[in-house]
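Data block below; observations after.
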Amino acid sequence: MTRHKTGLLGGTFNPVHRGHIELGLKIKTAFGLDRVLYILSARPPHKKRQTLPAAELRLAMLQAALQPHPGLETCELELRRQGESWTIDTLRELQAAAASGERFYFITGSEGFLKIRTWKEYRRILREVYFIVVLRRPEHRLKVERLLREEGIPFGPALLEADPPPGAFLHSYVSDYLELSATAIRRKRSHGQDVSPYVEHNVQKIMEEIKLYEEG
């Protein structure tokens, strides 16, 4: 039976940038995924101190950025749900609505993955989906492997996708966009600097129209 393979890529996307797009495209190709869902975190519990633009505005930028890329799709579950945006709740909704045989691959950078023990019901998340951990820095590999061993999650070349989760794939690639951050883009905007090399044209247009991230 052919399985439908769906990647899950979450974030505040404040704003979405070319690194986010490249990540989805590269992982989709490398792992033969049918689609990648970009899950917009409407009310992220780990960023309560950060003032975020309205979720609807961040969604509009995300939709504009993904529109030219078939197979990269927005997921709006966390906008429709009340309360904080916990990953476990979104995963439950996705699993309940999943097609028969659909498998989920949770895509995360190594920096974020190393903080997974702060996530609500993180052990359940680790055991119910595959993880694709993108190594942002070479020195993260040993730390990620240690965490996986401690949690009893299989990983490495012997891991077969024919086996059901849990399982983690460690992945790395070279890119000029790998170190790109939304924080740096917001800072450039606040200083009146050009951000066109870092965001899609339609995203920049939205930011300019409403003067998003500009000081004053």
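Here, A, B, ... name the chains of the structure tokens in the order displayed, residue numbers run from 1 inside each chain, and ligands are numbered from 1 in the same displayed order.
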For segment 23-27 of chain A, find every residue with an atom within 10 Å (counting only C-alpha atoms), except residues of its own chain fewer than 2 positions away, and show them as a ChimeraX atom specification.
/A:7-9,18-21,29-33,35-38,66,69-73,105,107-109,132,134,171-173,175,177-178
Keeping only N, CA and C atoms, write the selected residues as a CSV table (one decimal), in the first residue's frame.
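Result went into part.csv, see below:
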```csv
chain,number,residue,atom,x,y,z
A,7,GLY,N,5.0,16.1,5.7
A,7,GLY,CA,5.9,16.8,6.6
A,7,GLY,C,5.1,17.9,7.4
A,8,LEU,N,5.5,18.1,8.7
A,8,LEU,CA,5.0,19.1,9.5
A,8,LEU,C,6.0,20.1,9.9
A,9,LEU,N,5.9,21.4,9.6
A,9,LEU,CA,6.9,22.4,9.9
A,9,LEU,C,6.2,23.5,10.6
A,18,ARG,N,13.0,33.2,3.2
A,18,ARG,CA,13.4,32.3,2.2
A,18,ARG,C,14.0,31.0,2.8
A,19,GLY,N,14.6,31.1,4.0
A,19,GLY,CA,15.1,29.9,4.7
A,19,GLY,C,14.0,28.9,5.0
A,20,HIS,N,12.8,29.4,5.4
A,20,HIS,CA,11.7,28.5,5.7
A,20,HIS,C,11.3,27.8,4.4
A,21,ILE,N,11.2,28.5,3.3
A,21,ILE,CA,10.8,28.0,2.1
A,21,ILE,C,11.8,26.9,1.6
A,29,THR,N,12.0,17.0,-1.0
A,29,THR,CA,12.7,16.2,-2.0
A,29,THR,C,13.5,15.1,-1.4
A,30,ALA,N,14.2,15.4,-0.3
A,30,ALA,CA,15.2,14.4,0.2
A,30,ALA,C,14.4,13.2,0.8
A,31,PHE,N,13.2,13.4,1.3
A,31,PHE,CA,12.5,12.3,2.0
A,31,PHE,C,11.3,11.9,1.2
A,32,GLY,N,11.1,12.4,0.0
A,32,GLY,CA,10.0,12.0,-0.9
A,32,GLY,C,8.6,12.2,-0.3
A,33,LEU,N,8.5,13.4,0.4
A,33,LEU,CA,7.2,13.7,1.0
A,33,LEU,C,6.2,14.2,-0.1
A,35,ARG,N,3.7,16.3,0.7
A,35,ARG,CA,3.4,17.7,1.0
A,35,ARG,C,4.1,18.0,2.3
A,36,VAL,N,4.3,19.3,2.5
A,36,VAL,CA,4.8,19.9,3.8
A,36,VAL,C,3.7,20.9,4.3
A,37,LEU,N,3.2,20.6,5.5
A,37,LEU,CA,2.3,21.6,6.1
A,37,LEU,C,3.0,22.6,7.0
A,38,TYR,N,2.9,23.8,6.7
A,38,TYR,CA,3.5,24.9,7.5
A,38,TYR,C,2.4,25.3,8.6
A,66,LEU,N,4.1,30.8,0.2
A,66,LEU,CA,4.0,29.4,-0.3
A,66,LEU,C,3.3,29.3,-1.6
A,69,HIS,N,4.7,27.5,-4.7
A,69,HIS,CA,5.4,26.3,-4.4
A,69,HIS,C,4.4,25.1,-4.2
A,70,PRO,N,4.0,24.4,-5.2
A,70,PRO,CA,3.1,23.3,-5.0
A,70,PRO,C,3.6,22.3,-4.0
A,71,GLY,N,2.8,21.8,-3.2
A,71,GLY,CA,3.3,20.8,-2.2
A,71,GLY,C,3.7,21.4,-0.9
A,72,LEU,N,3.8,22.8,-0.8
A,72,LEU,CA,4.0,23.5,0.4
A,72,LEU,C,2.7,24.2,0.8
A,73,GLU,N,2.1,23.8,1.9
A,73,GLU,CA,0.7,24.3,2.2
A,73,GLU,C,0.7,24.8,3.6
A,105,TYR,N,5.9,13.4,9.4
A,105,TYR,CA,7.3,13.6,9.7
A,105,TYR,C,7.4,15.1,10.2
A,107,ILE,N,9.3,18.1,11.2
A,107,ILE,CA,10.6,18.8,10.8
A,107,ILE,C,10.9,19.9,11.8
A,108,THR,N,12.2,19.8,12.3
A,108,THR,CA,12.6,20.8,13.2
A,108,THR,C,14.1,21.0,13.1
A,109,GLY,N,14.5,22.2,13.4
A,109,GLY,CA,16.0,22.4,13.5
A,109,GLY,C,16.5,21.9,14.8
A,132,ILE,N,12.4,14.6,11.7
A,132,ILE,CA,13.5,14.9,10.8
A,132,ILE,C,14.2,16.1,11.5
A,134,VAL,N,17.0,18.7,11.4
A,134,VAL,CA,18.0,19.4,10.6
A,134,VAL,C,19.1,20.0,11.4
A,171,HIS,N,19.5,15.1,9.5
A,171,HIS,CA,19.7,15.6,8.1
A,171,HIS,C,20.5,16.9,8.2
A,172,SER,N,21.3,17.1,7.2
A,172,SER,CA,22.1,18.4,7.1
A,172,SER,C,22.2,18.7,5.7
A,173,TYR,N,22.4,20.0,5.4
A,173,TYR,CA,22.6,20.5,4.1
A,173,TYR,C,23.3,21.9,4.2
A,175,SER,N,23.7,25.7,2.9
A,175,SER,CA,22.8,26.8,2.3
A,175,SER,C,23.2,28.1,2.9
A,177,TYR,N,21.0,30.3,3.3
A,177,TYR,CA,19.9,30.7,4.1
A,177,TYR,C,19.8,29.9,5.5
A,178,LEU,N,20.7,29.0,5.7
A,178,LEU,CA,20.6,28.2,6.9
A,178,LEU,C,20.6,29.0,8.2
```
Taking the backbone alone, and naming residues the way the document does, which bits of segment 2-193 of chain A are helix (DSSP H, G or I) by DSSP, as a ChimeraX atom specification?
/A:18-31,45-47,55-66,77-80,87-97,110-113,116-118,122-128,140-151,182-190
Pick from A:Arg123, A:Arg43, A:His191, A:Lys143: nearest to Gly83 of chain A, with only C-alpha atoms counted?
A:Arg43
Between atom CA of Leu79 of chain A and atom CA of Ala60 of chain A, what is the distance, to one decimal in Å?
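About the pair atom CA of Leu79 of chain A and atom CA of Ala60 of chain A: they are 12.2 Å apart.
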Suppose you want the space between atom CA of Val133 of chain A and atom CA of Phe113 of chain A; what is it in Å?
7.1 Å
So, with only C-alpha atoms as the atoms that count, which of A:Arg149, A:Arg137, A:Arg186, A:Arg103 lies closest to Pro164 of chain A?
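The shortest atom-to-atom distance to Pro164 of chain A comes from A:Arg103.
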Please give the complete set of residues from segment 36-139 of chain A that DSSP, run on the backbone, assigns to strand (DSSP E), formatted as an NGL selection string.
:A and (36-40 or 72-75 or 103-109 or 130-134)
Env of Arg58 of chain A: 12 Å cut, atoms = only C-alpha atoms, seq-sep filter 3 positions within chain, self excluded. Answer as a PyMOL selection string.
chain A and resi 11-17+38-43+52-55+61-65+74+76+79+203+206-207+212
